[in-house]
>>> print(open('structure21.txt').read())   # compact mmCIF, C-alpha atoms
# COMPACT_ATOMS: atom_id res chain seq x y z
CA MET A 1 54.11 -29.10 6.04
CA THR A 2 53.29 -32.81 6.39
CA GLY A 3 55.19 -33.03 9.67
CA PHE A 4 53.41 -29.93 10.93
CA LEU A 5 50.00 -31.42 10.12
CA PHE A 6 50.92 -34.75 11.74
CA ARG A 7 52.09 -33.07 14.96
CA ARG A 8 48.99 -30.89 15.16
CA ALA A 9 46.70 -33.88 14.52
CA ALA A 10 48.47 -35.90 17.23
CA GLN A 11 48.20 -33.02 19.68
CA SER A 12 44.49 -32.73 18.89
CA VAL A 13 43.88 -36.41 19.69
CA VAL A 14 45.69 -36.08 23.03
CA LEU A 15 43.72 -32.94 23.83
CA VAL A 16 40.38 -34.66 23.14
CA PHE A 17 41.44 -37.51 25.47
CA ILE A 18 42.30 -35.02 28.23
CA VAL A 19 39.00 -33.16 27.81
CA LEU A 20 37.02 -36.40 28.08
CA THR A 21 38.93 -37.52 31.15
CA VAL A 22 38.50 -34.21 32.96
CA THR A 23 34.79 -34.09 32.08
CA PHE A 24 34.23 -37.64 33.34
CA PHE A 25 35.77 -36.99 36.74
CA LEU A 26 34.13 -33.59 37.14
CA LEU A 27 30.71 -35.16 36.52
CA HIS A 28 31.35 -37.96 39.00
CA LEU A 29 32.76 -35.61 41.63
CA ALA A 30 29.58 -33.53 41.56
CA PRO A 31 27.01 -34.25 44.30
CA GLY A 32 24.42 -36.94 43.56
CA ASP A 33 24.30 -39.48 40.75
CA PRO A 34 21.94 -40.49 37.93
CA ALA A 35 20.04 -42.89 40.23
CA ASP A 36 18.71 -39.90 42.19
CA ARG A 37 16.11 -39.36 39.44
CA TYR A 38 14.45 -42.63 40.55
CA ASP A 39 14.39 -41.64 44.22
CA GLY A 40 10.87 -41.12 45.57
CA PRO A 41 8.35 -42.27 48.18
CA GLU A 42 7.30 -45.21 46.03
CA MET A 43 10.85 -46.53 45.66
CA SER A 44 12.41 -48.58 48.46
CA PRO A 45 16.10 -48.12 49.39
CA GLY A 46 16.74 -51.67 48.19
CA THR A 47 15.35 -50.88 44.76
CA ILE A 48 17.46 -47.74 44.50
CA ALA A 49 20.54 -49.72 45.53
CA ARG A 50 19.79 -52.34 42.87
CA ILE A 51 19.41 -49.64 40.22
CA ARG A 52 22.75 -48.12 41.23
CA HIS A 53 24.34 -51.58 41.03
CA ASP A 54 22.85 -52.21 37.57
CA MET A 55 24.14 -48.85 36.38
CA GLY A 56 27.58 -49.54 37.82
CA LEU A 57 27.44 -46.52 40.10
CA ASP A 58 28.40 -48.51 43.21
CA ARG A 59 31.84 -49.29 41.78
CA PRO A 60 34.97 -47.14 42.35
CA VAL A 61 35.18 -44.10 40.09
CA ALA A 62 38.48 -45.28 38.61
CA GLU A 63 36.88 -48.61 37.60
CA GLN A 64 33.88 -46.78 36.12
CA TYR A 65 36.28 -44.60 34.13
CA VAL A 66 38.22 -47.55 32.71
CA ARG A 67 35.01 -49.38 31.74
CA TRP A 68 33.50 -46.25 30.21
CA MET A 69 36.66 -45.36 28.25
CA ALA A 70 37.01 -48.92 26.97
CA SER A 71 33.45 -48.94 25.62
CA PHE A 72 33.88 -45.40 24.31
CA LEU A 73 36.97 -46.38 22.32
CA ARG A 74 34.97 -49.24 20.80
CA GLY A 75 32.44 -46.67 19.56
CA ASP A 76 29.82 -47.56 22.16
CA PHE A 77 28.57 -44.29 23.68
CA GLY A 78 26.25 -46.05 26.09
CA TRP A 79 22.53 -45.91 26.81
CA SER A 80 20.61 -42.74 27.63
CA LEU A 81 19.12 -42.86 31.12
CA ARG A 82 16.40 -40.34 30.29
CA TYR A 83 15.32 -41.36 26.80
CA ASN A 84 16.07 -45.09 27.28
CA ARG A 85 17.66 -45.16 23.85
CA PRO A 86 21.22 -45.60 22.55
CA VAL A 87 23.18 -42.36 22.84
CA ARG A 88 24.47 -42.92 19.32
CA ASP A 89 20.93 -42.66 17.94
CA LEU A 90 20.28 -39.44 19.87
CA LEU A 91 23.48 -37.90 18.55
CA GLY A 92 22.63 -39.06 15.05
CA GLU A 93 19.42 -37.03 15.23
CA ALA A 94 20.83 -33.96 17.01
CA ILE A 95 24.18 -33.43 15.27
CA PRO A 96 22.80 -32.71 11.75
CA ASN A 97 20.39 -30.17 13.24
CA THR A 98 23.17 -28.37 15.11
CA LEU A 99 25.47 -28.50 12.08
CA ARG A 100 22.73 -26.99 9.93
CA LEU A 101 22.29 -24.11 12.37
CA THR A 102 26.02 -23.62 12.95
CA ALA A 103 26.85 -23.79 9.24
CA ALA A 104 24.26 -21.12 8.44
CA ALA A 105 25.57 -18.93 11.25
CA LEU A 106 29.17 -19.54 10.15
CA ALA A 107 28.34 -18.57 6.55
CA LEU A 108 26.69 -15.38 7.79
CA TYR A 109 29.61 -14.78 10.10
CA ILE A 110 32.31 -15.11 7.43
CA VAL A 111 30.58 -13.62 4.38
CA VAL A 112 28.96 -10.64 6.08
CA GLY A 113 31.76 -10.03 8.58
CA VAL A 114 34.63 -10.15 6.07
CA ALA A 115 32.70 -8.16 3.43
CA LEU A 116 31.76 -5.39 5.87
CA GLY A 117 35.34 -5.27 7.19
CA LEU A 118 36.80 -4.95 3.68
CA ILE A 119 34.32 -2.27 2.60
CA SER A 120 34.77 -0.37 5.84
CA ALA A 121 38.57 -0.38 5.44
CA ALA A 122 38.28 0.74 1.80
CA ARG A 123 36.02 3.62 2.89
CA TYR A 124 38.02 4.53 5.98
CA ARG A 125 36.59 7.50 7.94
CA THR A 126 33.58 7.86 5.63
CA LEU A 127 29.95 7.83 6.82
CA PHE A 128 29.68 4.12 5.92
CA ASP A 129 32.76 3.34 8.02
CA ARG A 130 31.40 5.19 11.04
CA VAL A 131 27.91 3.66 10.80
CA ASN A 132 29.42 0.20 10.31
CA THR A 133 31.72 0.66 13.32
CA VAL A 134 28.93 1.78 15.64
CA SER A 135 26.57 -0.97 14.42
CA ALA A 136 29.27 -3.63 14.87
CA LEU A 137 30.02 -2.51 18.41
CA PHE A 138 26.30 -2.51 19.27
CA LEU A 139 25.65 -5.99 17.86
CA TYR A 140 28.83 -7.35 19.45
CA ALA A 141 27.82 -6.04 22.89
CA ILE A 142 24.20 -7.15 23.17
CA PRO A 143 23.47 -10.59 24.72
CA ALA A 144 22.26 -13.31 22.37
CA PHE A 145 19.25 -14.23 24.51
CA TRP A 146 18.03 -10.60 24.54
CA LEU A 147 18.44 -10.28 20.77
CA ALA A 148 16.57 -13.57 20.29
CA GLU A 149 13.67 -12.41 22.44
CA MET A 150 13.47 -9.07 20.62
CA LEU A 151 13.44 -10.79 17.22
CA ILE A 152 10.70 -13.18 18.33
CA LEU A 153 8.69 -10.25 19.69
CA LEU A 154 9.04 -8.28 16.46
CA PHE A 155 8.99 -10.82 13.62
CA SER A 156 6.83 -13.55 15.20
CA LEU A 157 4.40 -11.83 17.57
CA LYS A 158 4.07 -8.36 16.00
CA LEU A 159 4.62 -8.91 12.29
CA GLY A 160 3.93 -12.64 12.12
CA VAL A 161 6.37 -13.19 9.24
CA LEU A 162 8.77 -15.68 10.86
CA PRO A 163 8.13 -18.72 13.08
CA SER A 164 9.41 -18.48 16.64
CA SER A 165 10.47 -22.08 17.26
CA HIS A 166 11.30 -25.55 15.89
CA MET A 167 12.85 -26.50 12.57
CA GLU A 168 9.72 -26.74 10.47
CA SER A 169 5.96 -26.20 10.70
CA LEU A 170 3.63 -28.79 12.17
CA ASP A 171 2.09 -29.39 8.73
CA ALA A 172 5.48 -29.61 7.00
CA GLY A 173 4.80 -33.25 6.16
CA ALA A 174 2.22 -32.11 3.63
CA LEU A 175 4.70 -29.73 2.00
CA GLY A 176 7.20 -30.59 -0.64
CA GLY A 177 9.81 -29.10 -2.96
CA TRP A 178 10.32 -25.37 -2.67
CA ALA A 179 7.47 -24.93 -0.16
CA LEU A 180 9.26 -27.22 2.31
CA PHE A 181 12.59 -25.53 1.57
CA PHE A 182 11.24 -22.05 2.29
CA ASP A 183 9.42 -23.31 5.38
CA ARG A 184 12.68 -24.65 6.84
CA LEU A 185 14.54 -21.53 5.72
CA ALA A 186 12.03 -19.36 7.59
CA HIS A 187 12.55 -21.40 10.75
CA LEU A 188 16.33 -21.16 10.33
CA ALA A 189 16.47 -17.38 9.75
CA MET A 190 16.24 -16.02 13.29
CA PRO A 191 18.37 -18.66 15.10
CA ALA A 192 21.13 -18.35 12.49
CA PHE A 193 21.00 -14.57 12.66
CA VAL A 194 21.22 -14.54 16.46
CA LEU A 195 24.08 -17.03 16.46
CA GLY A 196 26.08 -15.43 13.65
CA VAL A 197 25.47 -11.70 13.80
CA ALA A 198 27.51 -10.95 16.93
CA SER A 199 30.48 -12.92 15.59
CA ALA A 200 30.08 -11.24 12.18
CA ALA A 201 30.27 -7.86 13.88
CA GLY A 202 33.45 -8.93 15.65
CA ILE A 203 35.15 -10.29 12.53
CA ALA A 204 34.22 -7.10 10.64
CA ARG A 205 36.18 -5.12 13.21
CA TYR A 206 39.18 -7.47 12.96
CA MET A 207 39.10 -7.44 9.15
CA ARG A 208 38.92 -3.66 9.02
CA GLY A 209 41.82 -3.18 11.42
CA SER A 210 43.97 -5.83 9.73
CA MET A 211 43.41 -4.31 6.27
CA LEU A 212 44.25 -0.82 7.49
CA ASP A 213 47.50 -2.10 9.02
CA VAL A 214 48.53 -3.93 5.85
CA MET A 215 47.68 -0.96 3.60
CA ARG A 216 50.33 1.04 5.50
CA GLU A 217 53.09 -1.52 4.79
CA ASP A 218 56.06 -0.75 2.55
CA PHE A 219 55.20 -3.41 -0.05
CA ILE A 220 51.85 -1.73 -0.65
CA ARG A 221 53.60 1.57 -1.32
CA THR A 222 55.99 -0.29 -3.65
CA ALA A 223 53.04 -1.82 -5.52
CA ARG A 224 51.50 1.62 -5.93
CA ALA A 225 54.83 3.02 -7.14
CA LYS A 226 54.90 0.33 -9.83
CA GLY A 227 51.54 1.62 -11.08
CA LEU A 228 49.40 -1.38 -10.15
CA PRO A 229 45.64 -0.67 -10.07
CA GLU A 230 44.32 0.10 -6.59
CA ARG A 231 41.77 -2.71 -6.89
CA THR A 232 44.53 -5.25 -7.60
CA ILE A 233 46.62 -3.98 -4.69
CA TYR A 234 43.65 -4.15 -2.33
CA LEU A 235 42.21 -7.53 -3.26
CA LYS A 236 45.34 -9.43 -4.34
CA HIS A 237 48.26 -8.12 -2.29
CA ALA A 238 46.71 -6.63 0.83
CA LEU A 239 43.86 -9.11 1.37
CA ARG A 240 46.14 -12.18 1.48
CA ASN A 241 48.30 -10.69 4.23
CA ALA A 242 45.41 -9.19 6.14
CA ALA A 243 43.56 -12.52 6.11
CA ILE A 244 46.25 -14.38 8.10
CA PRO A 245 45.20 -13.22 11.61
CA VAL A 246 41.53 -13.21 10.59
CA VAL A 247 41.66 -16.89 9.56
CA THR A 248 43.01 -17.76 12.99
CA ILE A 249 40.25 -15.78 14.68
CA ILE A 250 37.59 -17.48 12.53
CA GLY A 251 38.87 -20.92 13.52
CA LEU A 252 39.01 -20.01 17.18
CA SER A 253 35.48 -18.58 16.98
CA ILE A 254 33.92 -21.95 16.10
CA PRO A 255 33.86 -23.00 19.80
CA PHE A 256 31.98 -19.81 20.63
CA LEU A 257 29.45 -20.55 17.89
CA LEU A 258 28.92 -24.03 19.34
CA GLY A 259 28.67 -22.61 22.85
CA GLY A 260 26.18 -20.01 21.70
CA ALA A 261 24.16 -22.72 19.99
CA VAL A 262 23.23 -24.12 23.40
CA VAL A 263 21.41 -20.91 24.36
CA THR A 264 20.02 -20.30 20.88
CA GLU A 265 18.70 -23.83 20.48
CA LYS A 266 16.99 -23.68 23.86
CA ILE A 267 15.29 -20.34 23.10
CA PHE A 268 14.11 -21.38 19.64
CA SER A 269 13.34 -25.02 20.61
CA TRP A 270 15.83 -26.15 17.99
CA PRO A 271 16.29 -29.94 18.39
CA GLY A 272 20.08 -29.97 18.30
CA MET A 273 22.94 -30.87 20.59
CA GLY A 274 22.46 -27.75 22.69
CA GLN A 275 18.95 -28.63 23.72
CA LEU A 276 19.95 -32.29 24.15
CA THR A 277 22.79 -31.22 26.45
CA VAL A 278 20.63 -28.97 28.63
CA ASN A 279 18.01 -31.70 29.08
CA ALA A 280 20.74 -34.27 29.85
CA ILE A 281 22.33 -32.04 32.50
CA TYR A 282 18.98 -31.46 34.21
CA THR A 283 18.37 -35.20 34.45
CA ARG A 284 22.00 -36.22 35.18
CA ASP A 285 22.06 -38.25 32.00
CA TYR A 286 25.83 -38.77 32.16
CA PRO A 287 26.25 -40.93 29.02
CA VAL A 288 24.59 -38.23 26.90
CA VAL A 289 26.56 -35.41 28.54
CA LEU A 290 29.86 -37.20 27.98
CA ALA A 291 29.04 -38.10 24.38
CA VAL A 292 27.93 -34.56 23.52
CA ASN A 293 31.03 -33.21 25.21
CA PHE A 294 33.13 -35.53 23.05
CA VAL A 295 31.47 -34.29 19.85
CA VAL A 296 31.82 -30.63 20.87
CA ALA A 297 35.46 -31.18 21.83
CA VAL A 298 36.19 -32.77 18.44
CA MET A 299 34.45 -29.91 16.63
CA THR A 300 36.22 -27.28 18.73
CA ILE A 301 39.68 -28.79 18.45
CA GLY A 302 39.02 -29.55 14.78
CA GLY A 303 38.17 -25.88 14.21
CA THR A 304 41.42 -24.86 15.87
CA LEU A 305 43.31 -27.37 13.72
CA LEU A 306 41.69 -25.98 10.55
CA ALA A 307 42.69 -22.47 11.63
CA ASP A 308 46.31 -23.59 12.07
CA VAL A 309 46.26 -25.30 8.66
CA GLY A 310 44.79 -22.20 7.04
CA TYR A 311 47.42 -20.08 8.75
CA ALA A 312 50.18 -22.37 7.49
CA LEU A 313 48.79 -22.27 3.94
CA LEU A 314 48.68 -18.47 3.96
CA ASP A 315 52.09 -18.18 5.60
CA PRO A 316 54.36 -21.19 4.73
CA ARG A 317 56.84 -20.12 7.41
CA VAL A 318 54.39 -21.40 10.03
CA GLY A 319 54.42 -24.95 8.64
CA GLY A 320 58.20 -24.90 8.26
CA GLY A 321 58.77 -23.21 11.61
CA GLY A 322 58.16 -26.43 13.49
CA ARG A 323 61.00 -28.19 11.71
CA ASP A 324 63.72 -25.88 12.90
CA GLY A 325 62.12 -25.22 16.20
CA SER A 326 61.56 -21.55 15.54
>>> encode(input="structure21.txt", output="structure tokens")
Amino acid sequence: MTGFLFRRAAQSVVLVFIVLTVTFFLLHLAPGDPADRYDGPEMSPGTIARIRHDMGLDRPVAEQYVRWMASFLRGDFGWSLRYNRPVRDLLGEAIPNTLRLTAAALALYIVVGVALGLISAARYRTLFDRVNTVSALFLYAIPAFWLAEMLILLFSLKLGVLPSSHMESLDAGALGGWALFFDRLAHLAMPAFVLGVASAAGIARYMRGSMLDVMREDFIRTARAKGLPERTIYLKHALRNAAIPVVTIIGLSIPFLLGGAVVTEKIFSWPGMGQLTVNAIYTRDYPVVLAVNFVVAVMTIGGTLLADVGYALLDPRVGGGGRDGS
């Protein structure tokens, strides 16, 4: 198991390095450069050339890459060209906001999705199962931006019970204790729902199908023949085996949650990495784009690594399989 974890961790580091390298060259192969944002009638060509020289944009791309990677490995993410602030400070403000949103969506995704899948499998072909199946397919199919707009229209504009944007109210500084908690919870409700509900619908379908497959296995019939209670068979013997593919899917879904956060944060004006990334792309703020890409890559590959570890814990043959090459 230790060797398996070491190999997977080493592979993850190499993969992050490859992602950063590819992203760097793709950005620099795109037309234009960050100095274009200073181009205008009031700027002389000499001034623009001096700005490009100061930013290092007049050097060969390979040299820029080596210099950037060297500073990146030292923990220096550079200086934002748009905000004129250290990228590290911008990430320090945006990452907790995105993690708060993603964690809430992930909790909704796992708890609601797994629970609905288990109940639906236990009540196979009942009215609940059919309603749950149709609802899951509907929520899984609709676009996140459309759902977000419909929720804002209903709960913010029509009913006026939930705020439509930002993380807290403008007068939140005067609030405290539970009032501040519920204010932030109200702002979090719709973005987390939009980000997590489609994935919850998907995992409910996976959980239902996996449980139904396991309940048809021979060891389940053997457990029933021994007289074990149906509840024990369902939650102790069947759930463990049915959870193996679902754990992998949950880990692989984390990148989609992070990707969806870009759209969700923009719609709800949530000050996280998604909104920071969109603004950085519009202004060709390469240091911010590369740093955000690094954080997202680490989160994505880390989620995949956690899925593999969870898979190995549920099925020890996976961790031992690497030793004999099987």
>>> residues_around(input="structure21.txt", residues="region 150-167 of chain A", least_positions_apart="2", cutoff="6 Å", atoms="only C-alpha atoms", output="list in words")
Leu147, Ala148, Ala186, His187, Phe268, Ser269 and Trp270 of chain A
>>> closest_residue(input="structure21.txt", among="A:Val298, A:Leu106, A:Ala122, A:Ile233", to="Val19 (chain A)", atoms="all atoms listed in the file")
A:Val298
>>> atom_distance(input="structure21.txt", atom1="CA of Leu228 (chain A)", atom2="CA of Leu313 (chain A)")
25.2 Å
>>> residues_near_point(input="structure21.txt", point="(25.6, -12.6, 12.2)", cutoff="10 Å", atoms="all atoms listed in the file", output="compact mmCIF listing (two decimals) with C-alpha atoms, in the coordinates of the input")
# COMPACT_ATOMS: atom_id res chain seq x y z
CA ALA A 104 24.26 -21.12 8.44
CA ALA A 105 25.57 -18.93 11.25
CA LEU A 106 29.17 -19.54 10.15
CA ALA A 107 28.34 -18.57 6.55
CA LEU A 108 26.69 -15.38 7.79
CA TYR A 109 29.61 -14.78 10.10
CA ILE A 110 32.31 -15.11 7.43
CA VAL A 111 30.58 -13.62 4.38
CA VAL A 112 28.96 -10.64 6.08
CA GLY A 113 31.76 -10.03 8.58
CA LEU A 139 25.65 -5.99 17.86
CA TYR A 140 28.83 -7.35 19.45
CA PRO A 191 18.37 -18.66 15.10
CA ALA A 192 21.13 -18.35 12.49
CA PHE A 193 21.00 -14.57 12.66
CA VAL A 194 21.22 -14.54 16.46
CA LEU A 195 24.08 -17.03 16.46
CA GLY A 196 26.08 -15.43 13.65
CA VAL A 197 25.47 -11.70 13.80
CA ALA A 198 27.51 -10.95 16.93
CA SER A 199 30.48 -12.92 15.59
CA ALA A 200 30.08 -11.24 12.18
CA ALA A 201 30.27 -7.86 13.88
CA GLY A 202 33.45 -8.93 15.65
CA ILE A 203 35.15 -10.29 12.53
>>> axis_aligned_box(input="structure21.txt", around="region 52-67 of chain A", padding_each_side="8 Å", output="lines of an AutoDock Vina configuration file")
center_x = 30.6
center_y = -48.2
center_z = 37.5
size_x = 31.7
size_y = 24.1
size_z = 27.5
>>> residues_around(input="structure21.txt", residues="Ser253 (chain A)", least_positions_apart="3", cutoff="9 Å", atoms="all atoms listed in the file", output="list in words")
Ser199, Thr248, Ile249, Ile250, Phe256, Leu257, Leu258, Thr300, Gly303 and Thr304 of chain A
>>> build_atoms(input="structure21.txt", residues="region 79-96 of chain A", atoms="N, CA, C and O atoms", output="mmCIF file, keeping the file's coordinate frame")
data_model
loop_
_atom_site.group_PDB
_atom_site.id
_atom_site.type_symbol
_atom_site.label_atom_id
_atom_site.label_comp_id
_atom_site.auth_asym_id
_atom_site.auth_seq_id
_atom_site.Cartn_x
_atom_site.Cartn_y
_atom_site.Cartn_z
ATOM 1 N N TRP A 79 23.995 -45.907 26.890
ATOM 2 C CA TRP A 79 22.530 -45.910 26.810
ATOM 3 C C TRP A 79 21.993 -44.703 27.576
ATOM 4 O O TRP A 79 22.371 -44.487 28.737
ATOM 5 N N SER A 80 21.151 -43.919 26.956
ATOM 6 C CA SER A 80 20.610 -42.740 27.630
ATOM 7 C C SER A 80 19.701 -43.150 28.782
ATOM 8 O O SER A 80 18.809 -43.987 28.620
ATOM 9 N N LEU A 81 19.930 -42.531 29.955
ATOM 10 C CA LEU A 81 19.120 -42.860 31.120
ATOM 11 C C LEU A 81 17.769 -42.176 31.080
ATOM 12 O O LEU A 81 16.814 -42.645 31.693
ATOM 13 N N ARG A 82 17.671 -41.070 30.362
ATOM 14 C CA ARG A 82 16.400 -40.340 30.290
ATOM 15 C C ARG A 82 15.512 -40.845 29.156
ATOM 16 O O ARG A 82 14.323 -41.083 29.336
ATOM 17 N N TYR A 83 16.115 -40.985 27.975
ATOM 18 C CA TYR A 83 15.320 -41.360 26.800
ATOM 19 C C TYR A 83 15.230 -42.875 26.621
ATOM 20 O O TYR A 83 14.480 -43.342 25.764
ATOM 21 N N ASN A 84 16.049 -43.634 27.390
ATOM 22 C CA ASN A 84 16.070 -45.090 27.280
ATOM 23 C C ASN A 84 16.321 -45.524 25.837
ATOM 24 O O ASN A 84 15.643 -46.401 25.294
ATOM 25 N N ARG A 85 17.276 -44.863 25.229
ATOM 26 C CA ARG A 85 17.660 -45.160 23.850
ATOM 27 C C ARG A 85 19.184 -45.108 23.744
ATOM 28 O O ARG A 85 19.853 -44.454 24.570
ATOM 29 N N PRO A 86 19.764 -45.727 22.731
ATOM 30 C CA PRO A 86 21.220 -45.600 22.550
ATOM 31 C C PRO A 86 21.626 -44.151 22.324
ATOM 32 O O PRO A 86 20.970 -43.430 21.567
ATOM 33 N N VAL A 87 22.705 -43.747 22.983
ATOM 34 C CA VAL A 87 23.180 -42.360 22.840
ATOM 35 C C VAL A 87 23.563 -42.086 21.391
ATOM 36 O O VAL A 87 23.382 -40.975 20.887
ATOM 37 N N ARG A 88 24.072 -43.101 20.729
ATOM 38 C CA ARG A 88 24.470 -42.920 19.320
ATOM 39 C C ARG A 88 23.288 -42.475 18.469
ATOM 40 O O ARG A 88 23.433 -41.611 17.595
ATOM 41 N N ASP A 89 22.115 -43.051 18.716
ATOM 42 C CA ASP A 89 20.930 -42.660 17.940
ATOM 43 C C ASP A 89 20.528 -41.217 18.239
ATOM 44 O O ASP A 89 20.132 -40.473 17.328
ATOM 45 N N LEU A 90 20.620 -40.823 19.514
ATOM 46 C CA LEU A 90 20.280 -39.440 19.870
ATOM 47 C C LEU A 90 21.222 -38.451 19.205
ATOM 48 O O LEU A 90 20.792 -37.409 18.690
ATOM 49 N N LEU A 91 22.513 -38.786 19.207
ATOM 50 C CA LEU A 91 23.480 -37.900 18.550
ATOM 51 C C LEU A 91 23.244 -37.859 17.047
ATOM 52 O O LEU A 91 23.377 -36.800 16.417
ATOM 53 N N GLY A 92 22.886 -39.014 16.487
ATOM 54 C CA GLY A 92 22.630 -39.060 15.050
ATOM 55 C C GLY A 92 21.483 -38.152 14.631
ATOM 56 O O GLY A 92 21.452 -37.654 13.498
ATOM 57 N N GLU A 93 20.531 -37.932 15.530
ATOM 58 C CA GLU A 93 19.420 -37.030 15.230
ATOM 59 C C GLU A 93 19.772 -35.574 15.517
ATOM 60 O O GLU A 93 19.319 -34.661 14.814
ATOM 61 N N ALA A 94 20.571 -35.340 16.579
ATOM 62 C CA ALA A 94 20.830 -33.960 17.010
ATOM 63 C C ALA A 94 21.962 -33.289 16.232
ATOM 64 O O ALA A 94 21.891 -32.083 15.949
ATOM 65 N N ILE A 95 23.009 -34.049 15.906
ATOM 66 C CA ILE A 95 24.180 -33.430 15.270
ATOM 67 C C ILE A 95 23.843 -32.763 13.937
ATOM 68 O O ILE A 95 24.251 -31.609 13.700
ATOM 69 N N PRO A 96 23.114 -33.411 13.022
ATOM 70 C CA PRO A 96 22.800 -32.710 11.750
ATOM 71 C C PRO A 96 22.029 -31.416 11.975
ATOM 72 O O PRO A 96 22.256 -30.443 11.241
#
